[in-house]
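Chemist: Structure file input-v3.cif, mmCIF, C-alpha atoms, is pasted below:
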data_run
#
loop_
_atom_site.label_atom_id
_atom_site.label_comp_id
_atom_site.auth_asym_id
_atom_site.auth_seq_id
_atom_site.Cartn_x
_atom_site.Cartn_y
_atom_site.Cartn_z
CA MET A 1 15.15 19.75 -45.80
CA ASP A 2 13.93 16.13 -45.81
CA LYS A 3 10.68 15.53 -47.59
CA PRO A 4 8.00 15.39 -44.91
CA VAL A 5 5.87 12.32 -44.33
CA ILE A 6 2.31 13.37 -45.11
CA VAL A 7 -0.26 12.06 -42.67
CA GLY A 8 -3.96 12.38 -43.44
CA ALA A 9 -6.73 12.49 -40.89
CA VAL A 10 -10.44 13.17 -40.70
CA LEU A 11 -11.28 16.28 -38.74
CA TYR A 12 -14.70 17.19 -37.40
CA ASP A 13 -13.62 19.47 -34.55
CA PRO A 14 -11.02 22.19 -35.13
CA LYS A 15 -9.62 21.62 -31.64
CA VAL A 16 -8.34 18.23 -32.79
CA ALA A 17 -5.97 20.06 -35.14
CA VAL A 18 -4.06 21.12 -32.01
CA ILE A 19 -3.28 17.44 -31.24
CA TRP A 20 -1.91 16.95 -34.73
CA GLU A 21 0.23 20.08 -34.38
CA MET A 22 1.72 18.57 -31.23
CA ILE A 23 2.34 15.20 -32.89
CA ALA A 24 3.99 16.94 -35.87
CA GLY A 25 6.15 18.88 -33.42
CA PHE A 26 7.18 15.62 -31.75
CA PHE A 27 8.31 14.20 -35.09
CA ALA A 28 10.05 17.44 -36.12
CA GLU A 29 12.11 17.42 -32.92
CA ARG A 30 13.35 13.96 -33.96
CA GLN A 31 14.38 15.13 -37.42
CA LEU A 32 11.47 13.37 -39.10
CA PRO A 33 9.31 16.15 -40.54
CA MET A 34 5.64 15.43 -40.86
CA ASP A 35 2.84 17.37 -42.56
CA THR A 36 -0.83 16.84 -41.90
CA VAL A 37 -3.69 17.04 -44.38
CA PHE A 38 -7.25 16.99 -43.08
CA TYR A 39 -10.29 15.50 -44.78
CA THR A 40 -13.96 15.90 -44.10
CA ASN A 41 -14.75 12.18 -44.30
CA TYR A 42 -13.08 8.77 -44.48
CA GLU A 43 -14.07 8.11 -48.07
CA LEU A 44 -11.93 11.09 -49.14
CA LEU A 45 -9.14 10.06 -46.77
CA VAL A 46 -8.96 6.53 -48.14
CA SER A 47 -9.08 7.85 -51.71
CA ALA A 48 -6.18 10.21 -50.93
CA LEU A 49 -4.17 7.30 -49.50
CA LEU A 50 -4.79 5.03 -52.46
CA GLN A 51 -4.08 7.82 -54.96
CA GLY A 52 -0.78 8.61 -53.26
CA HIS A 53 -1.72 12.10 -52.07
CA ILE A 54 -0.80 11.14 -48.52
CA ASP A 55 1.67 8.62 -47.11
CA ILE A 56 -0.18 7.52 -43.99
CA ALA A 57 -3.87 7.65 -43.10
CA TRP A 58 -5.13 7.83 -39.53
CA ASN A 59 -7.99 5.56 -40.35
CA SER A 60 -11.23 4.52 -38.74
CA PRO A 61 -11.82 0.76 -38.60
CA LEU A 62 -14.39 1.08 -41.39
CA GLY A 63 -11.88 3.17 -43.32
CA TRP A 64 -9.40 0.31 -42.92
CA VAL A 65 -11.93 -2.23 -44.24
CA ASP A 66 -12.68 0.14 -47.13
CA ALA A 67 -8.98 0.63 -47.89
CA GLN A 68 -8.46 -3.13 -48.04
CA ARG A 69 -11.54 -3.57 -50.19
CA ARG A 70 -10.41 -0.89 -52.65
CA SER A 71 -6.73 -1.89 -52.69
CA GLY A 72 -7.26 -5.60 -53.04
CA GLY A 73 -5.96 -6.20 -49.54
CA LEU A 74 -2.60 -4.50 -50.12
CA CYS A 75 -2.69 -1.83 -47.40
CA ARG A 76 -0.80 -2.29 -44.15
CA ALA A 77 -1.98 -1.49 -40.63
CA ILE A 78 1.15 -0.12 -39.02
CA ALA A 79 0.23 1.38 -35.63
CA MET A 80 -2.63 1.99 -33.25
CA ARG A 81 -3.31 3.24 -29.74
CA ASP A 82 -3.43 0.77 -26.88
CA THR A 83 -7.01 1.95 -26.40
CA ASP A 84 -7.89 0.99 -29.97
CA ARG A 85 -7.47 -2.69 -29.14
CA ASP A 86 -10.17 -5.00 -27.85
CA ARG A 87 -12.99 -2.54 -27.59
CA VAL A 88 -16.55 -3.86 -27.20
CA SER A 89 -19.98 -2.33 -27.56
CA HIS A 90 -22.99 -3.03 -25.38
CA TRP A 91 -26.69 -3.32 -25.99
CA VAL A 92 -28.14 -1.33 -23.11
CA VAL A 93 -31.74 -1.64 -21.88
CA ARG A 94 -33.92 -0.06 -19.22
CA THR A 95 -33.66 -2.19 -16.12
CA ARG A 96 -37.36 -2.03 -15.27
CA GLU A 97 -38.42 -3.46 -18.63
CA GLY A 98 -37.22 -6.90 -17.63
CA ILE A 99 -35.56 -7.68 -20.95
CA GLY A 100 -33.31 -10.58 -19.98
CA GLN A 101 -31.93 -11.91 -23.22
CA ILE A 102 -31.13 -10.53 -26.60
CA THR A 103 -33.89 -12.50 -28.34
CA ASP A 104 -36.40 -10.62 -26.19
CA LEU A 105 -35.78 -7.71 -28.58
CA ARG A 106 -37.70 -9.48 -31.35
CA GLY A 107 -40.48 -7.24 -32.58
CA LYS A 108 -39.09 -4.27 -30.69
CA ALA A 109 -37.17 -1.10 -31.67
CA VAL A 110 -33.47 -0.57 -31.07
CA ALA A 111 -31.56 2.71 -31.33
CA VAL A 112 -28.14 2.98 -32.93
CA GLY A 113 -25.71 5.72 -33.92
CA ALA A 114 -24.72 6.83 -37.40
CA LYS A 115 -25.24 4.21 -40.07
CA ASP A 116 -21.48 4.06 -40.72
CA SER A 117 -20.43 3.78 -37.07
CA PRO A 118 -18.69 0.45 -36.43
CA GLN A 119 -19.10 0.68 -32.67
CA ALA A 120 -22.57 2.18 -32.44
CA THR A 121 -24.27 0.50 -35.38
CA LEU A 122 -22.55 -2.06 -37.59
CA ILE A 123 -21.01 -4.40 -35.03
CA PRO A 124 -23.93 -4.27 -32.54
CA LEU A 125 -26.39 -5.07 -35.36
CA SER A 126 -24.17 -7.98 -36.35
CA LEU A 127 -24.60 -9.33 -32.83
CA LEU A 128 -28.39 -9.23 -33.28
CA ARG A 129 -28.05 -11.21 -36.52
CA ARG A 130 -26.00 -13.85 -34.73
CA HIS A 131 -28.98 -14.34 -32.42
CA GLY A 132 -31.37 -14.69 -35.32
CA LEU A 133 -32.67 -11.13 -35.34
CA GLU A 134 -32.48 -9.50 -38.75
CA PRO A 135 -32.31 -5.69 -38.41
CA GLY A 136 -35.21 -4.01 -40.18
CA LYS A 137 -37.17 -7.23 -40.20
CA ASP A 138 -37.16 -8.80 -36.76
CA VAL A 139 -36.24 -5.57 -34.97
CA GLN A 140 -36.98 -2.02 -35.95
CA VAL A 141 -33.77 0.06 -36.18
CA ARG A 142 -33.73 3.75 -35.30
CA GLU A 143 -30.57 5.31 -36.70
CA PHE A 144 -29.21 8.61 -35.45
CA ASN A 145 -27.16 9.73 -38.38
CA VAL A 146 -25.00 12.44 -36.90
CA LEU A 147 -22.12 13.43 -39.20
CA VAL A 148 -22.32 10.47 -41.55
CA GLY A 149 -19.00 9.94 -43.30
CA LYS A 150 -17.05 10.33 -40.10
CA HIS A 151 -17.71 6.71 -39.08
CA GLY A 152 -19.04 7.48 -35.63
CA ASP A 153 -16.06 9.58 -34.57
CA HIS A 154 -18.56 12.10 -33.31
CA VAL A 155 -20.31 10.78 -30.24
CA GLY A 156 -23.52 12.67 -31.04
CA GLY A 157 -25.25 9.74 -32.75
CA GLU A 158 -24.58 7.46 -29.81
CA GLN A 159 -25.85 10.10 -27.39
CA GLN A 160 -29.04 10.53 -29.37
CA ALA A 161 -29.52 6.76 -29.47
CA PHE A 162 -29.32 6.65 -25.69
CA GLN A 163 -31.75 9.58 -25.39
CA CYS A 164 -34.12 7.63 -27.62
CA LEU A 165 -33.91 4.73 -25.19
CA ALA A 166 -34.38 7.09 -22.24
CA ARG A 167 -37.54 8.54 -23.82
CA GLY A 168 -38.93 5.03 -24.16
CA GLU A 169 -38.91 5.18 -27.96
CA ALA A 170 -36.62 2.14 -28.23
CA GLU A 171 -36.10 -0.93 -26.07
CA ALA A 172 -32.31 -1.00 -26.40
CA CYS A 173 -29.46 1.15 -27.64
CA ALA A 174 -25.88 0.47 -28.66
CA ILE A 175 -23.07 2.11 -26.69
CA LEU A 176 -19.29 1.73 -26.93
CA ASP A 177 -17.73 0.40 -23.71
CA LEU A 178 -15.67 3.57 -23.19
CA ASN A 179 -18.78 5.72 -23.44
CA TRP A 180 -20.78 3.43 -21.14
CA GLU A 181 -18.01 3.71 -18.56
CA ALA A 182 -17.76 7.49 -18.98
CA TRP A 183 -21.51 8.15 -18.95
CA THR A 184 -22.28 5.91 -15.97
CA GLY A 185 -19.31 7.49 -14.20
CA ASN A 186 -20.25 11.12 -14.80
CA GLY A 187 -23.97 10.83 -14.12
CA THR A 188 -25.17 10.98 -17.73
CA ILE A 189 -26.55 7.47 -17.26
CA ASN A 190 -27.94 6.21 -13.96
CA PRO A 191 -26.58 2.66 -13.75
CA LEU A 192 -29.50 1.68 -11.54
CA GLU A 193 -31.96 2.48 -14.32
CA TYR A 194 -30.10 0.84 -17.20
CA ASN A 195 -28.16 -2.36 -17.61
CA ILE A 196 -26.11 -4.17 -20.20
CA LEU A 197 -28.13 -6.79 -22.03
CA ALA A 198 -25.40 -8.11 -24.31
CA THR A 199 -21.86 -7.33 -25.38
CA THR A 200 -20.19 -7.71 -28.77
CA ASP A 201 -17.00 -9.60 -29.45
CA PRO A 202 -13.86 -7.49 -28.99
CA PHE A 203 -12.88 -5.39 -31.98
CA ASP A 204 -10.13 -2.93 -32.83
CA HIS A 205 -10.64 0.70 -33.65
CA CYS A 206 -8.44 3.34 -35.34
CA VAL A 207 -5.24 2.44 -37.14
CA PHE A 208 -2.46 4.17 -39.06
CA THR A 209 -2.71 2.74 -42.56
CA VAL A 210 -0.23 2.83 -45.43
CA ALA A 211 -0.55 1.77 -49.03
CA ALA A 212 1.54 -1.03 -50.54
CA ASP A 213 4.17 1.30 -51.95
CA PHE A 214 5.06 3.12 -48.73
CA PRO A 215 8.84 2.59 -48.38
CA PRO A 216 9.60 -0.01 -45.68
CA ASP A 217 12.67 1.88 -44.41
CA LEU A 218 10.68 5.05 -43.92
CA GLU A 219 7.89 3.05 -42.30
CA ARG A 220 10.35 1.54 -39.80
CA GLN A 221 11.83 4.95 -39.04
CA TRP A 222 8.41 6.58 -38.63
CA LEU A 223 7.15 3.74 -36.43
CA LYS A 224 10.25 3.74 -34.29
CA THR A 225 9.70 7.43 -33.64
CA LEU A 226 5.99 7.08 -32.94
CA LEU A 227 6.49 4.12 -30.62
CA SER A 228 9.12 6.07 -28.70
CA MET A 229 6.45 8.38 -27.32
CA ASP A 230 6.55 7.67 -23.60
CA TYR A 231 3.64 8.30 -21.24
CA THR A 232 6.00 8.62 -18.28
CA ASN A 233 7.70 11.55 -20.01
CA PRO A 234 5.81 14.72 -19.00
CA ASN A 235 6.56 16.26 -22.39
CA HIS A 236 4.74 13.42 -24.15
CA LYS A 237 1.97 12.84 -21.63
CA GLU A 238 -0.11 15.86 -22.62
CA VAL A 239 -0.56 14.89 -26.23
CA MET A 240 -1.08 11.22 -25.30
CA ASP A 241 -3.83 12.22 -22.86
CA MET A 242 -5.44 14.42 -25.49
CA GLU A 243 -5.34 11.58 -28.01
CA GLY A 244 -6.59 9.08 -25.41
CA LEU A 245 -3.78 6.58 -25.11
CA ARG A 246 -1.03 5.42 -22.80
CA GLN A 247 1.03 3.68 -25.43
CA TRP A 248 1.34 3.44 -29.20
CA LEU A 249 1.37 -0.19 -30.38
CA PRO A 250 2.16 -1.86 -33.69
CA GLY A 251 -0.85 -2.30 -35.94
CA ARG A 252 -2.68 -5.58 -36.20
CA THR A 253 -5.52 -6.70 -38.39
CA SER A 254 -7.03 -9.53 -36.34
CA GLY A 255 -9.26 -7.05 -34.50
CA PHE A 256 -11.09 -6.02 -37.65
CA THR A 257 -12.74 -9.41 -38.19
CA PRO A 258 -16.02 -8.53 -36.40
CA LEU A 259 -16.39 -5.37 -38.49
CA SER A 260 -15.52 -7.12 -41.75
CA LYS A 261 -18.20 -9.68 -40.95
CA ALA A 262 -20.72 -6.95 -40.12
CA VAL A 263 -19.92 -5.10 -43.34
CA ASP A 264 -20.39 -8.27 -45.41
CA GLU A 265 -23.65 -9.20 -43.70
CA SER A 266 -25.14 -5.76 -44.16
CA LYS A 267 -23.72 -5.38 -47.69
CA PHE A 268 -22.54 -2.00 -46.45
CA PHE A 269 -20.42 -1.07 -49.42
CA GLU A 270 -22.90 -2.23 -52.04
CA GLY A 271 -24.10 0.82 -53.89
CA VAL A 272 -21.33 3.02 -52.47
CA MET B 273 -14.77 66.85 -46.59
CA ASN B 274 -11.15 65.85 -46.32
CA GLU B 275 -10.39 62.20 -46.73
CA TYR B 276 -9.51 60.47 -43.48
CA THR B 277 -7.44 57.32 -43.59
CA CYS B 278 -6.17 55.03 -40.89
CA ASP B 279 -2.61 54.00 -41.72
CA LEU B 280 -0.65 51.21 -40.09
CA ARG B 281 1.93 48.56 -40.82
CA ALA B 282 1.98 44.88 -39.86
CA ALA B 283 5.24 42.97 -40.01
CA VAL B 284 6.11 39.33 -39.37
CA GLN B 285 9.58 37.95 -39.08
CA ASP B 286 10.26 34.21 -39.04
CA SER B 287 7.14 33.21 -37.12
CA GLU B 288 4.28 34.56 -35.09
CA PRO B 289 3.30 36.98 -33.79
CA ALA B 290 2.95 39.87 -36.20
CA THR B 291 3.75 43.34 -34.92
CA VAL B 292 1.38 46.12 -35.86
CA TYR B 293 2.76 49.66 -35.90
CA ILE B 294 0.21 52.43 -35.62
CA ARG B 295 0.98 56.11 -34.87
CA LYS B 296 3.43 55.91 -31.94
CA HIS B 297 2.20 52.52 -30.72
CA ARG B 298 2.65 48.91 -31.58
CA PHE B 299 0.96 45.68 -30.59
CA SER B 300 1.29 41.97 -31.33
CA VAL B 301 -1.18 39.84 -33.24
CA GLY B 302 -1.03 36.06 -33.36
CA ALA B 303 -2.35 33.70 -36.02
CA PRO B 304 -5.51 34.62 -37.90
CA LEU B 305 -7.31 31.96 -35.88
CA HIS B 306 -6.26 29.34 -33.35
CA PHE B 307 -8.12 26.60 -31.53
CA ASP B 308 -5.81 25.98 -28.59
CA GLN B 309 -6.95 27.66 -25.36
CA GLU B 310 -3.29 27.77 -24.34
CA TYR B 311 -2.15 29.55 -27.52
CA PRO B 312 0.04 32.37 -26.21
CA TYR B 313 -1.01 35.16 -28.55
CA ILE B 314 -4.23 37.03 -29.26
CA THR B 315 -5.41 36.05 -32.71
CA ALA B 316 -6.37 38.44 -35.48
CA LEU B 317 -10.00 37.38 -35.14
CA GLU B 318 -9.94 38.01 -31.39
CA HIS B 319 -8.45 41.45 -31.97
CA ALA B 320 -11.23 42.27 -34.44
CA LEU B 321 -14.00 41.09 -32.14
CA GLY B 322 -12.38 42.70 -29.12
CA ALA B 323 -12.22 45.94 -31.06
CA LEU B 324 -15.95 45.74 -31.86
CA ALA B 325 -16.90 45.10 -28.22
CA ALA B 326 -14.60 47.88 -27.01
CA ASP B 327 -15.93 50.24 -29.68
CA ILE B 328 -19.49 49.77 -28.42
CA ALA B 329 -18.64 49.91 -24.70
CA GLY B 330 -16.32 52.88 -25.13
CA GLY B 331 -18.76 54.62 -27.46
CA LEU B 332 -21.55 54.25 -24.93
CA GLN B 333 -19.36 55.66 -22.18
CA ALA B 334 -18.45 58.62 -24.38
CA ALA B 335 -22.10 59.25 -25.19
CA ALA B 336 -22.95 59.18 -21.49
CA ARG B 337 -20.26 61.78 -20.79
CA ARG B 338 -21.47 64.01 -23.62
CA HIS B 339 -25.01 63.97 -22.27
CA ARG B 340 -23.95 64.06 -18.61
CA VAL B 341 -25.79 60.83 -17.89
CA PRO B 342 -24.31 59.04 -14.88
CA VAL B 343 -22.96 55.59 -15.76
CA ASP B 344 -20.98 53.54 -13.24
CA HIS B 345 -19.87 50.63 -15.35
CA ILE B 346 -20.26 49.23 -18.84
CA GLU B 347 -19.41 45.74 -19.95
CA ALA B 348 -19.90 44.26 -23.40
CA VAL B 349 -20.12 40.49 -23.82
CA LEU B 350 -19.60 39.24 -27.36
CA THR B 351 -20.02 35.91 -29.09
CA GLY B 352 -18.85 35.47 -32.65
CA ARG B 353 -19.73 32.40 -34.70
CA LEU B 354 -17.71 31.39 -37.74
CA ASN B 355 -19.35 29.95 -40.80
CA ASN B 356 -17.03 26.93 -40.90
CA PRO B 357 -13.73 26.98 -38.99
CA LEU B 358 -12.68 23.72 -40.65
CA THR B 359 -12.18 25.62 -43.91
CA TYR B 360 -9.52 27.71 -42.18
CA LEU B 361 -7.64 24.46 -41.51
CA GLY B 362 -7.98 23.49 -45.15
CA VAL B 363 -10.03 20.37 -44.45
CA VAL B 364 -10.53 18.73 -47.82
CA GLY B 365 -14.21 18.43 -48.70
CA GLU B 366 -15.51 21.04 -46.25
CA GLU B 367 -17.80 23.74 -47.57
CA GLY B 368 -18.44 27.30 -46.48
CA HIS B 369 -15.90 29.87 -45.41
CA PRO B 370 -13.84 30.75 -42.35
CA GLY B 371 -15.45 34.13 -41.89
CA LEU B 372 -17.80 35.36 -39.23
CA GLU B 373 -21.42 34.50 -39.79
CA ARG B 374 -23.06 35.92 -36.69
CA VAL B 375 -21.90 38.25 -33.95
CA ALA B 376 -24.00 38.85 -30.86
CA VAL B 377 -23.12 41.62 -28.42
CA THR B 378 -24.91 42.25 -25.13
CA VAL B 379 -23.90 45.38 -23.28
CA TYR B 380 -24.54 45.61 -19.54
CA VAL B 381 -24.91 49.20 -18.35
CA SER B 382 -24.84 50.02 -14.65
CA SER B 383 -26.59 53.37 -14.33
CA PRO B 384 -29.20 55.06 -12.15
CA ALA B 385 -30.47 56.94 -15.21
CA ALA B 386 -33.95 56.41 -16.62
CA GLN B 387 -34.44 53.74 -19.27
CA GLU B 388 -35.30 56.39 -21.89
CA GLU B 389 -32.02 58.18 -21.33
CA VAL B 390 -29.98 55.01 -21.69
CA GLN B 391 -31.95 54.08 -24.80
CA ARG B 392 -31.08 57.44 -26.35
CA LEU B 393 -27.39 56.88 -25.57
CA TRP B 394 -27.56 53.39 -27.06
CA ILE B 395 -29.06 54.56 -30.35
CA GLU B 396 -26.50 57.34 -30.64
CA THR B 397 -23.67 54.95 -29.84
CA LEU B 398 -24.63 52.56 -32.61
CA GLN B 399 -25.15 55.37 -35.10
CA ARG B 400 -21.69 56.78 -34.40
CA SER B 401 -19.79 53.48 -34.19
CA PRO B 402 -17.32 52.92 -37.04
CA LEU B 403 -17.11 49.20 -36.38
CA VAL B 404 -20.85 48.59 -35.94
CA SER B 405 -21.39 50.34 -39.28
CA THR B 406 -18.76 48.15 -40.86
CA PHE B 407 -19.72 44.81 -39.29
CA ARG B 408 -23.39 45.33 -40.10
CA LYS B 409 -22.58 45.18 -43.79
CA ALA B 410 -20.64 41.96 -43.43
CA VAL B 411 -22.26 39.72 -40.79
CA HIS B 412 -25.52 39.13 -39.00
CA LEU B 413 -25.09 41.46 -36.05
CA GLU B 414 -27.28 41.15 -32.95
CA LEU B 415 -26.89 44.06 -30.55
CA SER B 416 -28.68 44.54 -27.26
CA TYR B 417 -28.20 46.14 -23.89
CA GLN B 418 -29.43 45.57 -20.37
CA ILE B 419 -29.52 48.02 -17.52
CA VAL B 420 -28.17 46.53 -14.31
CA LEU B 421 -28.00 48.17 -10.92
#
Would you encode the structure as C-alpha cells?
Modeler:
Amino acid sequence: MDKPVIVGAVLYDPKVAVIWEMIAGFFAERQLPMDTVFYTNYELLVSALLQGHIDIAWNSPLGWVDAQRRSGGLCRAIAMRDTDRDRVSHWVVRTREGIGQITDLRGKAVAVGAKDSPQATLIPLSLLRRHGLEPGKDVQVREFNVLVGKHGDHVGGEQQAFQCLARGEAEACAILDLNWEAWTGNGTINPLEYNILATTDPFDHCVFTVAADFPPDLERQWLKTLLSMDYTNPNHKEVMDMEGLRQWLPGRTSGFTPLSKAVDESKFFEGV
Amino acid sequence: MNEYTCDLRAAVQDSEPATVYIRKHRFSVGAPLHFDQEYPYITALEHALGALAADIAGGLQAAARRHRVPVDHIEAVLTGRLNNPLTYLGVVGEEGHPGLERVAVTVYVSSPAAQEEVQRLWIETLQRSPLVSTFRKAVHLELSYQIVL
C-alpha cells in the first residue's frame, strides 16, 4: 500500500469530520491514499506541519501567516477554494444612528469577533487604523472571544458582535461579507435597520499549506487530483457544497497581504 | 441466588457493521459513534440509548399490566449529551472523554388513570429497571414523565 498523504485540519464540530471522510474517499478512489489528523487549534496544526507530523495543513489565513513567520517564509500555499479568494469584511452600523463615515466612530465602541479572527477582528481593526483610529485608544473594542485558537472558524464570535450592536452596546460591528449576505438574506439581520459603513480590502482565507520539504512530485500529483474535483459531477457536488466551494484553485499568497499588515500593526504574535 | 449472566457475541468482518449474536437472534451495530445523519447503520451509542429508552417505556407498560392500570400509549423521548465528541475523533489537544455526560428521558404516558396510580407505576418501573440502575451509576440521569390524554 502506498504511504498515505497526511492532511491536518482544525476541527471544532464533529460533523466536519464527515467532509474529510468524503475527501479522503475521493483521493482513495484515485489511488492516492490520504489520512486525516485533527487538531484543536491552529497553533498545534502549524506546529505539526513544521515538525513533519503531517504533510499538508488545511490552514486558516492567520495559520498561514504564522507558518511563514515560524518557517522563515519557506512554506508553500498550494491550493484553496474559489470562495477563499477576495473576501471582504464590513463595518456594519445601525441605520438610524446616522454614522456616515468611518471617522465618526472616534470615541465610540465597536464590536468584533474572536481576537484571532482575521475576518471579524484583525483586518477590520486594521481598516480603522488606516483612517487614523487606533483600537483601544480612539475606539473602544468589544471582543467576543468564542473558541479562541480556531481563528474565527466558528461564527459565534461574529454573531455575538452583531448582537452587541443590536443591543445598542456598540456603534459598529465587523461582519464577513458571506455572513452579511447570509444573515440579511435569511432574516437574521433586517437590512433596513443596518447598513454597511465601510469595507476592507479584499483578502484570501483558508489555504492548503505544505512545508519546504514536501516532495514536489507528490505535491503535483496531490494537486492534480484535488483540482480534478468537478462541481458538475453529481458525485463530487455533495462534498463541494458541504465544504462551500464550486472549484478548487491553486494557492496564492497575494491575498494574505492585508492580514500580514494587520498582524504587524497589532503586534499579534508578540508574546505568543 | 444463582448467578445470572447475559451472554452474547459481537463479530466484525472486514468493515462495519458488527453483528451481535444473542440467544437465537442477531442484529447489526454500526460504528461506536458517527456524525453523519445519512450514516446507514445504527451506532453502538444509539443502540445503548435506544435500549435505555425502551427499557423505561417497556418497563412502565409491564408495570401497568401487572397492576391492571389502563394505559393507551407510552413514548419515551431521550437526549444524550457526550462529554466531548471531538475526543472520539482523536482531535489533538482536546480534553475530556467521548462518554455520555448527561442523559435526559421524558416519558409521555397516555392514560385515564389517576396521577397517583401512574406515579406508583413510575417509581416501580425505575426501581426494577436494569438499565436505569446501571446508567445512574455512570452518568447524570434526568428522568421524568408527563401524563397526556
Chemist: Please identify all residues of chain A having at least one atom at most 6 Å from any atom of chain B, considering all atoms listed in the file, and return them as a PDB file with C-alpha atoms, in the frame of the given file.
Modeler:
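So the final result, stored in selection01.pdb, reads:
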ATOM      1  CA  PRO A  14     -11.020  22.190 -35.130  1.00  0.00           C
ATOM      2  CA  LYS A  15      -9.620  21.620 -31.640  1.00  0.00           C
ATOM      3  CA  PHE A  38      -7.250  16.990 -43.080  1.00  0.00           C
ATOM      4  CA  TYR A  39     -10.290  15.500 -44.780  1.00  0.00           C
ATOM      5  CA  THR A  40     -13.960  15.900 -44.100  1.00  0.00           C
TER       6      THR A  40
END
Chemist: Convert the output of the PyMOL selection byres ((chain B and resi 399-403) around 7) on the shown file into explicit residues, formatted as a list in words.
Modeler: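 This file gives the following for the PyMOL selection byres ((chain B and resi 399-403) around 7): Leu324, Asp327, Ile328, Gly331, Ile395, Glu396, Thr397, Leu398, Val404, Ser405, Thr406 and Phe407 of chain B.
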Chemist: Write out as an MDAnalysis selection string the residues lying within 7 Å of stretch 140-156 of chain A, counting only C-alpha atoms and excluding same-chain residues fewer than 3 positions away.
Modeler: chainID A and resid 41:42 60 62 108:118 135:137 159:161
Chemist: Env of A:Lys261: 12 Å cut, atoms = all atoms listed in the file, seq-sep filter 2 positions within chain, self excluded. Answer as a PyMOL selection string.
Modeler: chain A and resi 62+65+118+122-127+129-130+201+203+255-259+263-268
Chemist: Report as a list in words the full result of the PyMOL selection byres ((chain B and resi 347) around 7) when it is applied to this structure.
Modeler: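 Applied to this file, the PyMOL selection byres ((chain B and resi 347) around 7) selects Ala329, His345, Ile346, Ala348, Val349, Val379, Tyr380 and Val381 of chain B.
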Chemist: Tell me which residues the PyMOL selection byres ((chain A and resi 218-232) around 12) grabs here, as an mmCIF file with C-alpha atoms, in the frame of the given file.
Modeler:
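Done, and the output landed in out-v4.cif:
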data_model
loop_
_atom_site.group_PDB
_atom_site.id
_atom_site.type_symbol
_atom_site.label_atom_id
_atom_site.label_comp_id
_atom_site.auth_asym_id
_atom_site.auth_seq_id
_atom_site.Cartn_x
_atom_site.Cartn_y
_atom_site.Cartn_z
ATOM 1 C CA ASP A 2 13.930 16.130 -45.810
ATOM 2 C CA LYS A 3 10.680 15.530 -47.590
ATOM 3 C CA PRO A 4 8.000 15.390 -44.910
ATOM 4 C CA VAL A 5 5.870 12.320 -44.330
ATOM 5 C CA ILE A 6 2.310 13.370 -45.110
ATOM 6 C CA VAL A 7 -0.260 12.060 -42.670
ATOM 7 C CA MET A 22 1.720 18.570 -31.230
ATOM 8 C CA ILE A 23 2.340 15.200 -32.890
ATOM 9 C CA ALA A 24 3.990 16.940 -35.870
ATOM 10 C CA GLY A 25 6.150 18.880 -33.420
ATOM 11 C CA PHE A 26 7.180 15.620 -31.750
ATOM 12 C CA PHE A 27 8.310 14.200 -35.090
ATOM 13 C CA ALA A 28 10.050 17.440 -36.120
ATOM 14 C CA GLU A 29 12.110 17.420 -32.920
ATOM 15 C CA ARG A 30 13.350 13.960 -33.960
ATOM 16 C CA GLN A 31 14.380 15.130 -37.420
ATOM 17 C CA LEU A 32 11.470 13.370 -39.100
ATOM 18 C CA PRO A 33 9.310 16.150 -40.540
ATOM 19 C CA MET A 34 5.640 15.430 -40.860
ATOM 20 C CA ASP A 55 1.670 8.620 -47.110
ATOM 21 C CA ILE A 56 -0.180 7.520 -43.990
ATOM 22 C CA ARG A 76 -0.800 -2.290 -44.150
ATOM 23 C CA ALA A 77 -1.980 -1.490 -40.630
ATOM 24 C CA ILE A 78 1.150 -0.120 -39.020
ATOM 25 C CA ALA A 79 0.230 1.380 -35.630
ATOM 26 C CA MET A 80 -2.630 1.990 -33.250
ATOM 27 C CA ARG A 81 -3.310 3.240 -29.740
ATOM 28 C CA ASP A 82 -3.430 0.770 -26.880
ATOM 29 C CA PHE A 208 -2.460 4.170 -39.060
ATOM 30 C CA THR A 209 -2.710 2.740 -42.560
ATOM 31 C CA VAL A 210 -0.230 2.830 -45.430
ATOM 32 C CA ALA A 211 -0.550 1.770 -49.030
ATOM 33 C CA ALA A 212 1.540 -1.030 -50.540
ATOM 34 C CA ASP A 213 4.170 1.300 -51.950
ATOM 35 C CA PHE A 214 5.060 3.120 -48.730
ATOM 36 C CA PRO A 215 8.840 2.590 -48.380
ATOM 37 C CA PRO A 216 9.600 -0.010 -45.680
ATOM 38 C CA ASP A 217 12.670 1.880 -44.410
ATOM 39 C CA ASN A 233 7.700 11.550 -20.010
ATOM 40 C CA PRO A 234 5.810 14.720 -19.000
ATOM 41 C CA ASN A 235 6.560 16.260 -22.390
ATOM 42 C CA HIS A 236 4.740 13.420 -24.150
ATOM 43 C CA LYS A 237 1.970 12.840 -21.630
ATOM 44 C CA GLU A 238 -0.110 15.860 -22.620
ATOM 45 C CA VAL A 239 -0.560 14.890 -26.230
ATOM 46 C CA MET A 240 -1.080 11.220 -25.300
ATOM 47 C CA ASP A 241 -3.830 12.220 -22.860
ATOM 48 C CA MET A 242 -5.440 14.420 -25.490
ATOM 49 C CA GLU A 243 -5.340 11.580 -28.010
ATOM 50 C CA GLY A 244 -6.590 9.080 -25.410
ATOM 51 C CA LEU A 245 -3.780 6.580 -25.110
ATOM 52 C CA ARG A 246 -1.030 5.420 -22.800
ATOM 53 C CA GLN A 247 1.030 3.680 -25.430
ATOM 54 C CA TRP A 248 1.340 3.440 -29.200
ATOM 55 C CA LEU A 249 1.370 -0.190 -30.380
ATOM 56 C CA PRO A 250 2.160 -1.860 -33.690
ATOM 57 C CA GLY A 251 -0.850 -2.300 -35.940
#
Chemist: Looking at all atoms listed in the file, which of B:Leu305, B:Val377, B:Cys278, B:Ala316 is the one that sits closest to B:Thr291?
Modeler: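 Of B:Leu305, B:Val377, B:Cys278, B:Ala316, the one nearest B:Thr291 is B:Ala316, counting all atoms listed in the file.
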Chemist: In Å to one decimal, how far is atom CA of B:Arg374 from atom CA of B:Ser416?
Modeler: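 Atom CA of B:Ser416 sits 14.0 Å away from atom CA of B:Arg374.
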